[in-house]
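A.B. asks: Once you've had a glance at the structure underneath, I'll fire off some questions.
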Amino acid sequence: MKYTNNAIYTKVYNAVKAVVSNVNVTQTYTAKPSSFPTVFIREIGRLTPPVTASFSNAQDISERTWEAQVFSNLSPGAKEQAYKLMDGVKSAMRNLYFIETFESPMDQADKSIYCLVARFRRIIGSGEDIPS
C-alpha cells in the first residue's frame with residue numbers, strides 16, 4: 001500500500017482506537033470538538049525537497065508534515081488521557097518512519113479542556129510502501 005493521506009490516517013486511527021476505543025478520530029478540524037476525547041490529525045504540509053528536485057521532477061519525492069491535536073476534558077485526568085492518546089499517535093507515526101519534530105500543550109479558552117499538539121515529518125519516495 002502506498003503512502004497516501006488516507007493510508008496514513010487509517011494507521012493512526014487504528015492505533016489511537018486501540019488505546020481508547022471511544023475516542024473520536026477525525027481529519028476535520030473544529031476549534032472545539034463536539035465529543036471528547038478527540039484526536040484531530042491531518043497533513044499540514046507537503047513539498048519537494050530542493051536536493052531531490054530535477055528538471056523533469058520524475059522522482060516524485062515529497063517531504064510531508066502531519067499534525068496531531070489531542071483534546072480531552074476528562075475530570076480528573078485530562079492531561080494524562082491526552083498524553084496516553086498522543087503516545088498512540090506517536091507509535092503509529094514511528095511505525096511509518098515519521099520523525100517527531102514538535103510537541104507542546106496548547107492553551108484553551110475553556111480551561112476544562114486539555115490540548116496537546118505534535119508534528120511529524122518524513123521524506124517519502126514514490127516507490128515506497130507503508131509497512132504492514
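Naming works like this for the C-alpha cells: A, B, ... for the chains as they're shown, residue 1 at the start of each chain, ligands 1 onward in shown order.
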Listing only residues of range 19-97 of chain A within 10 Å of range 102-111 of chain A, what is the closest atom pair and its distance in Å (to one decimal) for each, using only C-alpha atoms, sorted by chain and residue number ascending, as JSON lines?
C.D. replies:
{"residue": "A:Ala31", "atom": "CA", "partner": "A:Gln108", "partner_atom": "CA", "distance": 9.4}
{"residue": "A:Lys32", "atom": "CA", "partner": "A:Asp110", "partner_atom": "CA", "distance": 9.2}
{"residue": "A:Glu67", "atom": "CA", "partner": "A:Phe102", "partner_atom": "CA", "distance": 9.1}
{"residue": "A:Ala68", "atom": "CA", "partner": "A:Glu103", "partner_atom": "CA", "distance": 9.3}
{"residue": "A:Gln69", "atom": "CA", "partner": "A:Met106", "partner_atom": "CA", "distance": 8.9}
{"residue": "A:Val70", "atom": "CA", "partner": "A:Pro105", "partner_atom": "CA", "distance": 9.3}
{"residue": "A:Phe71", "atom": "CA", "partner": "A:Met106", "partner_atom": "CA", "distance": 9.7}
{"residue": "A:Asn73", "atom": "CA", "partner": "A:Lys111", "partner_atom": "CA", "distance": 9.0}
{"residue": "A:Lys79", "atom": "CA", "partner": "A:Pro105", "partner_atom": "CA", "distance": 9.2}
{"residue": "A:Ala82", "atom": "CA", "partner": "A:Pro105", "partner_atom": "CA", "distance": 9.5}
{"residue": "A:Tyr83", "atom": "CA", "partner": "A:Pro105", "partner_atom": "CA", "distance": 9.8}
{"residue": "A:Met86", "atom": "CA", "partner": "A:Glu103", "partner_atom": "CA", "distance": 9.6}
A.B. asks: So that I can see what lies close to range 26-28 of chain A, please list as a ChimeraX atom specification the residues with an atom at most 8 Å from it, counting only C-alpha atoms and leaving out residues fewer than 3 positions away in the same chain.
C.D. replies: /A:9,38-42
A.B. asks: Those same residues, written as a PDB file, in the first residue's frame with C-alpha atoms?
C.D. replies:
ATOM      1  CA  TYR A   9      -4.719   8.477   8.637  1.00  0.00           C
ATOM      2  CA  THR A  38     -10.847  13.756  20.198  1.00  0.00           C
ATOM      3  CA  VAL A  39      -7.750  13.225  18.096  1.00  0.00           C
ATOM      4  CA  PHE A  40      -7.518  15.540  15.106  1.00  0.00           C
ATOM      5  CA  ILE A  41      -4.825  14.504  12.625  1.00  0.00           C
ATOM      6  CA  ARG A  42      -4.065  15.723   9.122  1.00  0.00           C
TER       7      ARG A  42
END
A.B. asks: DSSP says strand (DSSP E or B) for which residues of range 14-95 of chain A? Put them as a list in words?
C.D. replies: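 The strand (DSSP E or B) subset of range 14-95 of chain A is Asn24, Val25, Thr26, Thr38, Val39, Phe40, Ile41, Arg42, Glu43, Ile44, Gly45, Arg46, Leu47, Ser62, Glu63, Arg64, Thr65, Trp66, Glu67, Ala68, Gln69, Val70, Phe71 and Ser72 of chain A.
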A.B. asks: Just asking: which residues within range 23-126 of chain A are helix (DSSP H, G or I) according to DSSP, as a list in words?
C.D. replies: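 After running DSSP on the backbone, range 23-126 of chain A has helix (DSSP H, G or I) at Pro50, Val51, Thr52, Ala78, Lys79, Glu80, Gln81, Ala82, Tyr83, Lys84, Leu85, Met86, Asp87, Gly88, Val89, Lys90, Ser91, Ala92, Met93, Arg94 and Asn95 of chain A.
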A.B. asks: Using C-alpha atoms, can you write the selected residues to a file as an mmCIF file, in the first residue's frame?
C.D. replies:
data_model
loop_
_atom_site.group_PDB
_atom_site.id
_atom_site.type_symbol
_atom_site.label_atom_id
_atom_site.label_comp_id
_atom_site.auth_asym_id
_atom_site.auth_seq_id
_atom_site.Cartn_x
_atom_site.Cartn_y
_atom_site.Cartn_z
ATOM 1 C CA PRO A 50 15.270 21.100 -3.091
ATOM 2 C CA VAL A 51 18.075 18.499 -3.033
ATOM 3 C CA THR A 52 15.805 15.960 -4.763
ATOM 4 C CA ALA A 78 -7.499 15.177 31.050
ATOM 5 C CA LYS A 79 -3.747 15.741 30.814
ATOM 6 C CA GLU A 80 -2.949 12.080 31.410
ATOM 7 C CA GLN A 81 -5.523 10.931 28.854
ATOM 8 C CA ALA A 82 -4.176 13.385 26.260
ATOM 9 C CA TYR A 83 -0.612 12.088 26.687
ATOM 10 C CA LYS A 84 -1.826 8.484 26.554
ATOM 11 C CA LEU A 85 -3.630 9.170 23.258
ATOM 12 C CA MET A 86 -0.638 11.076 21.886
ATOM 13 C CA ASP A 87 1.531 8.047 22.686
ATOM 14 C CA GLY A 88 -0.773 6.060 20.374
ATOM 15 C CA VAL A 89 -0.323 8.679 17.632
ATOM 16 C CA LYS A 90 3.461 8.664 18.122
ATOM 17 C CA SER A 91 3.615 4.886 17.959
ATOM 18 C CA ALA A 92 1.731 4.843 14.640
ATOM 19 C CA MET A 93 3.844 7.638 13.167
ATOM 20 C CA ARG A 94 7.095 5.952 14.271
ATOM 21 C CA ASN A 95 5.939 2.729 12.612
#
A.B. asks: Skip Thr48 in chain A itself and residues of its chain fewer than 3 positions away, then list as a ChimeraX atom specification all residues within 9 Å of it, counting only C-alpha atoms.
C.D. replies: /A:51-53,57,60-64,123
